[in-house]
Every structure is written in structure tokens, then in C-alpha cells.
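Working notes, structure below.
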Amino acid sequence: MTIQSATHEPLQIIADQCDCMVCHDCGALQTLVPVAAGQELLCSRCGNLLKRPASDWLDKATALALAAAILFVSANIYTFMTLKLAGIQQGITILSGVVALAANDRWFLSALVLITIFILPAFEAFALLYLLIPHRLRRRLPGQITIFRWLVQLQPWIMLDVFLLGVLVTTVKLGDNATVDVGPGMLLFFALVLVLQLAYRIMSKDSLWTWLAPNNRYLGNAGETLYDCHACKAMVGLSIVEARGHCPRCNAEIHTRTPHSLQRTAALTAAAAILYIPANLLVIMKYDELGVNYDSTIFAGVIDLAHHGLWILALIVFVASVVVPVAKLLMLSFLVWSVHTRMNRGPRQRIKLYRLTELVGRWSMVDVYVVTLLTAAVQFGIIGAVAPGPALLPFAAVVVLTMLAAETFDPRLIWDPVDAAASAGVQALHSAPDDSESKPHSPLGATPIERT
Ligand SMILES: [Zn+2]
Ligand SMILES: [Zn+2]
């Protein structure tokens with residue numbers, strides 16, 4: 001099936017002659033207009049952010065990346081927090097949670113926490129240095145394109161910000177029963193989260209890609225339909241997409257539409273929905289105090305925070321752990337259903353819904369981190385000890401599966417019925433034979449807006 005991305009009235013502008021870009025979210029070809037600093041360029045069809053011009057970014061981003069690498073090492077060396085209870089002291093570092101889960105035979109969870117709060121953030125900090133310092137010195141190093149592609153693609157799985165919220169909840173929960181001393185590791189960690197996010201945000205990905213591989217347009221035949229590479233934003237002609245299946249610039253997978261997108265999203269969403277039941281009914285955390293067992297479910301944990309008057313924190317955990325997973329399951333089901341039934345109403349609203357599912361999903365990991373930290377911090381033998389409960393694994397699986405479901409969903413599918421209807425309307429108007437497959441893209445003008 002050949003799918004045109006923009007099937008509006010042809011403007012006779014050949015794609016390889018214009019300054020343009022293919023929108024990732026709707027597949028439309030957009031003519032780029034000049035944007036000033038402080039402005040953002042949005043897709044005129046779906047409102048997706050296309051460009052955010054950056055100036056003097058290289059020095060700032062390099063300095064931040066250097067700071068992030070130093071902070072990463074030092075935050076992991078120093079004590080994160082020390083817990084004191086009945087004369088016993090327990091100090092933990094960032095990685096204590098990973099060790100505590102492994103000691104409880106929770107290997108999958110231990111690996112998940114290790115990857116999301118240690119391995120991937122370490123990769124990000126050092127990948128930034130590997131890209132930015134040579135760029136600053138105008139020297140190319142081997143493997144930079146592959147490393148940059150991974151950095152872009154792995155971004156949703158780097159969860160230091162979510163872990164930070166987990167740290168906050170844990171500290172408040174512990175403060176109720178024991179004395180918590182904040183160690184230098186935690187302050188360094190706060191700085192790390194801020195600096196690392198800022199470095200990635202102010203870095204001009206477009207400039208960096210242009211430096212690594214200046215050509216961003218690959219056409220097999222003049223005027224053929226262009227598709228965007230999700231990782232490097234290169235525009236690749238239909239004939240090359242079909243022949244290679246990979247971006248000629250960065251080697252990321254590229255398809256006219258993600259293969260089996262609907263089936264995969266539907267299957268992952270269904271699996272997550274099933275696991276959501278044990279995740280909420282079973283015990284997520286076991287707490288022994290002087291031989292007495294206190295078992296807690298996710299919801300009981302929220303109630304517990306509210307009972308202690310910590311309403312804001314209770315609300316945050318309730319939204320992240322209960323509301324977000326349900327909302328995400330509903331939104332993904334609706335998106336799959338709307339594409340399956342070829343709905344052509346409200347594509348802009350549905351694309352916003354899709355972006356929301358991508359944005360909020362990872363925050364549900366907060367409960368996994370809280371249990372991890374509590375397991376590491378509360379190991380006082382006879383006085384009290386926290387252990388992860390059977391709900392933790394299905395709960396983490398719900399978060400991971402819904403994130404994968406959102407990743408496999410191809411947002412361009414939302415626009416296909418809309419394009420088909422518009423194309424049918426144009427053809428009826430002109431009573432012309434169906435030649436839409438051989439027509440070049442008709443670029444639409446992107447819209448610059450003031451950054452808020
Ligand atoms: Zn768009
Ligand atoms: Zn690419």
C-alpha cells in the first residue's frame with residue numbers, strides 16, 4: 001500500500017527543490033520559514049514541534065555535559081541518605097536499591113532499576129561528552145552517528161527525573177518513623193538531574209546531525225514521497241525506504257508506516273491491562289516491625305500518605321500510580337480503535353492524546369523506585385525491614401508495556417483516513433483519474449510561534 005503523506009491540492013512544488021521537512025507525527029511535508037530565537041516552528045497540520053532554533057548552544061551544552069559527567073560519578077560515590085532508628089544507622093547510595101532487589105531475588109526489577117537510573121544516565125552523560133567535545137574541537141570520532149542515534153532513541157527510558165520524585169516520596173515516608181540525614185550524594189544527584197536535562201535540551205540536535213552528516217535528503221526518484229527518520233530527521237524517498245528499510249544517514253529503521261503497528265500496540269495494551277489487576281490487588285510492599293507484618297498495596301500506600309497529612313504527595317503518587325496507568329490504557333485503546341475504524345474526525349485532538357501518552361507514561365515508575373529505595377533503606381533486622389511484594393513485578397511490567405505500546409503506535413495512521421477523504425474530495429472536484437500515487441508532496445507552510 002502506498003500512502004501519500006500530504007494529499008492536498010498539488011502546488012507543483014517538487015520536494016527536492018524546497019527548504020522543507022517531513023513532520024514525524026503526521027507525515028506531512030512542511031515548508032520551513034525563518035524563525036527567530038525565542039520562537040518555535042510548528043507543523044501547520046498537527047502542531048508538532050519541528051524546529052527550535054538555538055544559538056551559542058555548543059559551549060553551554062559542552063560545559064553542562066562536563067558537569068553532568070563529574071556529578072554522575074560523585075553522586076554515585078557519596079552516601080545518598082542515612083537512616084537512624086533506635087541507635088542503628090543505615091547508609092545507602094543510589095545503587096543500594098539495585099543490590100537490595102537482587103538480594104531479594106527480584107532480578108528483573110533489579111535490572112530494570114539499574115538500567116533506568118544508572119546505565120542509561122551514565123551512557124547519556126558520556127555520550128554527550130563524546131559528541132560535544134569533538135564537535136567543539138572540530139574533530140570526528142568513530143561511532144558518533146550510532147551513539148547519537150541511541151541517545152535520541154533511548155531518551156524516554158532515562159528516568160532520573162522520575163527517580164528524583166521517588167526519592168522525595170521515600171524521604172517523606174521515612175521521616176515519619178526514623179531520622180533521615182540527607183547525604184551529599186542526594187544533593188549531587190539533584191544537581192545531576194537538572195544539569196543533564198538542561199544539556200540535552202539546549203543541545204541543537206539539528207546542528208549536531210548536520211555536522212556529523214550534512215546531507216539530510218535522500219531521493220531515489222525526483223519528486224517522490226518523502227518519509228522522515230525518527231532519529232535524525234533526514235528525509236528519505238519512498239524508493240529508498242522500500243529498498244533499504246533503514247535511514248541512509250543514521251541507519252535507524254525507517255518505514256512508510258511502522259509494520260504491524262496497530263496489532264503490536266493492541267497486544268501490548270491488552271497485556272498491560274491484564275497485569276494491571278494483580279498490580280493493584282496484590283501487596284506491593286511488605287514491612288516487618290518487631291515481628292509484626294504490615295502489607296501494603298499501591299492504594300493503601302496513597303491512603304497512608306494522606307493519613308499523615310501529606311496531601312500533595314498523596315495526590316502525586318495517586319495520579320502517577322493509579323490514574324496515569326488507567327488513563328494510558330484507555331487512551332491507547334481509544335487510539336487503536338479510532339485507527340482501526342478509520343475515524344477521520346478530530347485528528348489534531350487524537351494526536352495530542354498520543355503525545356500525552358508518550359509524555360506521562362514513565363512517571364508511573366515512581367512507585368517502583370519508592371519500594372526499591374525503602375527496601376534498601378529499611379534493613380534493621382529485628383526492629384524492622386521492608387521487602388518488595390508480589391505486585392511490584394506486574395506493576396513495573398504495566399509501565400514498561402504501556403511505554404512500548406506508545407512507542408510502537410505510528411501516529412501517521414491517524415491521518416491516513418483524513419488524507420484518503422481529502423484526496424477523494426479533490427478527485428471528485430476535478431473528475432480526474434487516480435494519479436495521486438505519482439504526485440509529488442505538496443508542502444504546507446509550517447507555523448512559527450512565540451515560545452512560552
Ligand atoms: Zn504534523
Ligand atoms: Zn536517520
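Going through the C-alpha cells in order, the chains are called A, B, and so on, while each chain numbers its residues from 1 and the ligands are numbered from 1 in the order shown.
With only C-alpha atoms and all ligand atoms counted, the chains near ligand 1 contribute these residues within 6 Å: A:Cys23, A:Asp25, A:Cys26, A:Ala28, A:Cys43, A:Arg45, A:Cys46, A:Gly47, A:Asn48.
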Return as a PDB file with all heavy atoms, in the first residue's frame the residues of protein, DNA or RNA that approach ligand 2 to within 9 Å, with only C-alpha atoms and all ligand atoms taken into account.
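For reference, selection04.pdb as written:
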ATOM      1  N   ARG A 149      22.375   8.399  17.611  1.00  0.00           N
ATOM      2  CA  ARG A 149      21.071   7.760  17.331  1.00  0.00           C
ATOM      3  C   ARG A 149      20.550   7.078  18.593  1.00  0.00           C
ATOM      4  O   ARG A 149      19.389   7.215  18.958  1.00  0.00           O
ATOM      5  CB  ARG A 149      21.225   6.755  16.188  1.00  0.00           C
ATOM      6  CG  ARG A 149      20.023   5.840  16.026  1.00  0.00           C
ATOM      7  CD  ARG A 149      19.992   5.185  14.674  1.00  0.00           C
ATOM      8  NE  ARG A 149      21.153   4.363  14.394  1.00  0.00           N
ATOM      9  CZ  ARG A 149      21.301   3.094  14.791  1.00  0.00           C
ATOM     10  NH1 ARG A 149      20.350   2.517  15.499  1.00  0.00           N
ATOM     11  NH2 ARG A 149      22.381   2.415  14.484  1.00  0.00           N
ATOM     12  N   ASN A 216      20.783  15.697   4.401  1.00  0.00           N
ATOM     13  CA  ASN A 216      19.605  15.202   5.135  1.00  0.00           C
ATOM     14  C   ASN A 216      18.468  14.860   4.186  1.00  0.00           C
ATOM     15  O   ASN A 216      17.318  14.792   4.576  1.00  0.00           O
ATOM     16  CB  ASN A 216      19.152  16.216   6.189  1.00  0.00           C
ATOM     17  CG  ASN A 216      18.459  17.404   5.592  1.00  0.00           C
ATOM     18  OD1 ASN A 216      18.643  17.698   4.405  1.00  0.00           O
ATOM     19  ND2 ASN A 216      17.660  18.101   6.381  1.00  0.00           N
ATOM     20  N   ASP A 228      10.151  10.666   7.021  1.00  0.00           N
ATOM     21  CA  ASP A 228      11.153  11.182   7.956  1.00  0.00           C
ATOM     22  C   ASP A 228      11.799  10.057   8.749  1.00  0.00           C
ATOM     23  O   ASP A 228      11.171   9.041   9.039  1.00  0.00           O
ATOM     24  CB  ASP A 228      10.528  12.211   8.903  1.00  0.00           C
ATOM     25  CG  ASP A 228       9.938  11.575  10.135  1.00  0.00           C
ATOM     26  OD1 ASP A 228       9.080  10.665   9.978  1.00  0.00           O
ATOM     27  OD2 ASP A 228      10.317  11.953  11.246  1.00  0.00           O
ATOM     28  N   CYS A 229      13.073  10.274   9.091  1.00  0.00           N
ATOM     29  CA  CYS A 229      13.748   9.363  10.006  1.00  0.00           C
ATOM     30  C   CYS A 229      13.482   9.886  11.413  1.00  0.00           C
ATOM     31  O   CYS A 229      13.763  11.042  11.709  1.00  0.00           O
ATOM     32  CB  CYS A 229      15.247   9.323   9.726  1.00  0.00           C
ATOM     33  SG  CYS A 229      16.164   8.557  11.072  1.00  0.00           S
ATOM     34  N   HIS A 230      12.947   9.022  12.283  1.00  0.00           N
ATOM     35  CA  HIS A 230      12.565   9.431  13.623  1.00  0.00           C
ATOM     36  C   HIS A 230      13.777   9.922  14.429  1.00  0.00           C
ATOM     37  O   HIS A 230      13.694  10.831  15.230  1.00  0.00           O
ATOM     38  CB  HIS A 230      11.904   8.244  14.326  1.00  0.00           C
ATOM     39  CG  HIS A 230      11.315   8.595  15.654  1.00  0.00           C
ATOM     40  ND1 HIS A 230      10.964   9.878  16.009  1.00  0.00           N
ATOM     41  CD2 HIS A 230      11.008   7.819  16.715  1.00  0.00           C
ATOM     42  CE1 HIS A 230      10.479   9.869  17.235  1.00  0.00           C
ATOM     43  NE2 HIS A 230      10.496   8.638  17.691  1.00  0.00           N
ATOM     44  N   ALA A 231      14.940   9.313  14.169  1.00  0.00           N
ATOM     45  CA  ALA A 231      16.117   9.629  14.975  1.00  0.00           C
ATOM     46  C   ALA A 231      16.818  10.895  14.507  1.00  0.00           C
ATOM     47  O   ALA A 231      17.117  11.777  15.321  1.00  0.00           O
ATOM     48  CB  ALA A 231      17.082   8.451  14.962  1.00  0.00           C
ATOM     49  N   CYS A 232      17.117  11.016  13.197  1.00  0.00           N
ATOM     50  CA  CYS A 232      17.960  12.132  12.746  1.00  0.00           C
ATOM     51  C   CYS A 232      17.200  13.153  11.922  1.00  0.00           C
ATOM     52  O   CYS A 232      17.793  14.142  11.490  1.00  0.00           O
ATOM     53  CB  CYS A 232      19.167  11.608  11.977  1.00  0.00           C
ATOM     54  SG  CYS A 232      18.791  11.047  10.315  1.00  0.00           S
ATOM     55  N   LYS A 233      15.900  12.910  11.667  1.00  0.00           N
ATOM     56  CA  LYS A 233      15.050  13.829  10.907  1.00  0.00           C
ATOM     57  C   LYS A 233      15.443  13.950   9.437  1.00  0.00           C
ATOM     58  O   LYS A 233      15.060  14.919   8.773  1.00  0.00           O
ATOM     59  CB  LYS A 233      15.020  15.243  11.534  1.00  0.00           C
ATOM     60  CG  LYS A 233      14.696  15.271  13.013  1.00  0.00           C
ATOM     61  CD  LYS A 233      13.227  15.044  13.264  1.00  0.00           C
ATOM     62  CE  LYS A 233      12.926  14.976  14.740  1.00  0.00           C
ATOM     63  NZ  LYS A 233      12.152  13.815  15.112  1.00  0.00           N
ATOM     64  N   ALA A 234      16.233  12.998   8.923  1.00  0.00           N
ATOM     65  CA  ALA A 234      16.539  13.030   7.495  1.00  0.00           C
ATOM     66  C   ALA A 234      15.264  12.731   6.708  1.00  0.00           C
ATOM     67  O   ALA A 234      14.357  12.075   7.222  1.00  0.00           O
ATOM     68  CB  ALA A 234      17.603  11.988   7.171  1.00  0.00           C
ATOM     69  N   MET A 235      15.199  13.241   5.464  1.00  0.00           N
ATOM     70  CA  MET A 235      14.054  12.951   4.607  1.00  0.00           C
ATOM     71  C   MET A 235      14.496  11.913   3.594  1.00  0.00           C
ATOM     72  O   MET A 235      15.484  12.111   2.890  1.00  0.00           O
ATOM     73  CB  MET A 235      13.596  14.221   3.914  1.00  0.00           C
ATOM     74  CG  MET A 235      12.994  15.214   4.889  1.00  0.00           C
ATOM     75  SD  MET A 235      12.528  16.739   4.080  1.00  0.00           S
ATOM     76  CE  MET A 235      14.108  17.500   3.856  1.00  0.00           C
ATOM     77  N   VAL A 236      13.763  10.809   3.533  1.00  0.00           N
ATOM     78  CA  VAL A 236      14.173   9.691   2.686  1.00  0.00           C
ATOM     79  C   VAL A 236      13.043   9.370   1.709  1.00  0.00           C
ATOM     80  O   VAL A 236      11.879   9.240   2.107  1.00  0.00           O
ATOM     81  CB  VAL A 236      14.503   8.453   3.553  1.00  0.00           C
ATOM     82  CG1 VAL A 236      15.086   7.343   2.702  1.00  0.00           C
ATOM     83  CG2 VAL A 236      15.475   8.820   4.674  1.00  0.00           C
ATOM     84  N   HIS A 246      16.173   1.154   6.171  1.00  0.00           N
ATOM     85  CA  HIS A 246      16.977   1.860   7.168  1.00  0.00           C
ATOM     86  C   HIS A 246      17.336   3.243   6.642  1.00  0.00           C
ATOM     87  O   HIS A 246      17.452   3.448   5.441  1.00  0.00           O
ATOM     88  CB  HIS A 246      18.258   1.089   7.489  1.00  0.00           C
ATOM     89  CG  HIS A 246      18.020  -0.093   8.362  1.00  0.00           C
ATOM     90  ND1 HIS A 246      17.714  -1.340   7.857  1.00  0.00           N
ATOM     91  CD2 HIS A 246      18.008  -0.220   9.715  1.00  0.00           C
ATOM     92  CE1 HIS A 246      17.533  -2.174   8.861  1.00  0.00           C
ATOM     93  NE2 HIS A 246      17.694  -1.528  10.003  1.00  0.00           N
ATOM     94  N   CYS A 247      17.526   4.173   7.567  1.00  0.00           N
ATOM     95  CA  CYS A 247      17.898   5.534   7.188  1.00  0.00           C
ATOM     96  C   CYS A 247      19.327   5.537   6.639  1.00  0.00           C
ATOM     97  O   CYS A 247      20.234   5.025   7.292  1.00  0.00           O
ATOM     98  CB  CYS A 247      17.789   6.431   8.424  1.00  0.00           C
ATOM     99  SG  CYS A 247      18.501   8.056   8.198  1.00  0.00           S
ATOM    100  N   PRO A 248      19.533   6.119   5.435  1.00  0.00           N
ATOM    101  CA  PRO A 248      20.892   6.142   4.876  1.00  0.00           C
ATOM    102  C   PRO A 248      21.849   7.007   5.707  1.00  0.00           C
ATOM    103  O   PRO A 248      23.052   6.861   5.607  1.00  0.00           O
ATOM    104  CB  PRO A 248      20.702   6.765   3.489  1.00  0.00           C
ATOM    105  CG  PRO A 248      19.243   6.798   3.236  1.00  0.00           C
ATOM    106  CD  PRO A 248      18.551   6.755   4.558  1.00  0.00           C
ATOM    107  N   ARG A 249      21.276   7.904   6.528  1.00  0.00           N
ATOM    108  CA  ARG A 249      22.141   8.801   7.286  1.00  0.00           C
ATOM    109  C   ARG A 249      22.568   8.204   8.624  1.00  0.00           C
ATOM    110  O   ARG A 249      23.744   8.208   8.976  1.00  0.00           O
ATOM    111  CB  ARG A 249      21.380  10.111   7.521  1.00  0.00           C
ATOM    112  CG  ARG A 249      22.223  11.258   8.018  1.00  0.00           C
ATOM    113  CD  ARG A 249      21.274  12.300   8.574  1.00  0.00           C
ATOM    114  NE  ARG A 249      21.785  13.654   8.485  1.00  0.00           N
ATOM    115  CZ  ARG A 249      21.120  14.691   8.980  1.00  0.00           C
ATOM    116  NH1 ARG A 249      19.937  14.517   9.526  1.00  0.00           N
ATOM    117  NH2 ARG A 249      21.622  15.897   8.903  1.00  0.00           N
ATOM    118  N   CYS A 250      21.601   7.687   9.416  1.00  0.00           N
ATOM    119  CA  CYS A 250      21.947   7.221  10.767  1.00  0.00           C
ATOM    120  C   CYS A 250      21.687   5.731  10.975  1.00  0.00           C
ATOM    121  O   CYS A 250      21.922   5.203  12.061  1.00  0.00           O
ATOM    122  CB  CYS A 250      21.190   8.037  11.816  1.00  0.00           C
ATOM    123  SG  CYS A 250      19.449   7.606  11.940  1.00  0.00           S
ATOM    124  N   ASN A 251      21.139   5.052   9.943  1.00  0.00           N
ATOM    125  CA  ASN A 251      20.872   3.616   9.991  1.00  0.00           C
ATOM    126  C   ASN A 251      19.713   3.217  10.920  1.00  0.00           C
ATOM    127  O   ASN A 251      19.543   2.044  11.230  1.00  0.00           O
ATOM    128  CB  ASN A 251      22.142   2.840  10.361  1.00  0.00           C
ATOM    129  CG  ASN A 251      22.145   1.456   9.728  1.00  0.00           C
ATOM    130  OD1 ASN A 251      21.586   1.267   8.647  1.00  0.00           O
ATOM    131  ND2 ASN A 251      22.730   0.487  10.409  1.00  0.00           N
ATOM    132  N   ALA A 252      18.915   4.198  11.395  1.00  0.00           N
ATOM    133  CA  ALA A 252      17.726   3.838  12.189  1.00  0.00           C
ATOM    134  C   ALA A 252      16.716   3.184  11.241  1.00  0.00           C
ATOM    135  O   ALA A 252      16.723   3.444  10.041  1.00  0.00           O
ATOM    136  CB  ALA A 252      17.119   5.089  12.802  1.00  0.00           C
ATOM    137  N   GLU A 253      15.844   2.349  11.819  1.00  0.00           N
ATOM    138  CA  GLU A 253      14.796   1.738  10.995  1.00  0.00           C
ATOM    139  C   GLU A 253      13.879   2.809  10.447  1.00  0.00           C
ATOM    140  O   GLU A 253      13.552   3.769  11.145  1.00  0.00           O
ATOM    141  CB  GLU A 253      13.975   0.769  11.843  1.00  0.00           C
ATOM    142  CG  GLU A 253      14.529  -0.634  11.827  1.00  0.00           C
ATOM    143  CD  GLU A 253      13.547  -1.624  12.438  1.00  0.00           C
ATOM    144  OE1 GLU A 253      12.345  -1.512  12.159  1.00  0.00           O
ATOM    145  OE2 GLU A 253      14.012  -2.485  13.199  1.00  0.00           O
ATOM    146  N   ILE A 254      13.464   2.672   9.209  1.00  0.00           N
ATOM    147  CA  ILE A 254      12.543   3.653   8.638  1.00  0.00           C
ATOM    148  C   ILE A 254      11.516   2.907   7.784  1.00  0.00           C
ATOM    149  O   ILE A 254      11.853   1.971   7.059  1.00  0.00           O
ATOM    150  CB  ILE A 254      13.321   4.739   7.844  1.00  0.00           C
ATOM    151  CG1 ILE A 254      12.390   5.826   7.346  1.00  0.00           C
ATOM    152  CG2 ILE A 254      14.130   4.168   6.702  1.00  0.00           C
ATOM    153  CD1 ILE A 254      13.135   7.083   6.886  1.00  0.00           C
TER     154      ILE A 254
END
Exercise. Counting only C-alpha atoms, what is within 7 Å of segment 325-340 of chain A, bar same-chain residues fewer than 5 positions away, as a list in words?
Worked result: Leu262, Ala266, Thr269, Ala273, Leu353, Thr357, Gly361, Ser364, Leu413 and Ile414 of chain A
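Closest to Arg106 of chain A among A:Val370, A:Val398, A:Ala279, A:Ala387 is A:Ala387, based on only C-alpha atoms.
Atom pair atom CA of Thr79 of chain A / atom CA of Gly91 of chain A: separated by 6.4 Å.
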For this session: Select from segment 21-130 of chain A everything DSSP, run on the backbone, classes as alpha helix (DSSP H), then give the selection as an NGL selection string.
Result: :A and (57-77 or 96-103 or 107-114 or 120-130)
Seminar exercise, completed: Of A:Gly384, A:Ala271, A:Thr375, A:Leu58, the one sitting nearest Tyr294 of chain A when using only C-alpha atoms is A:Gly384
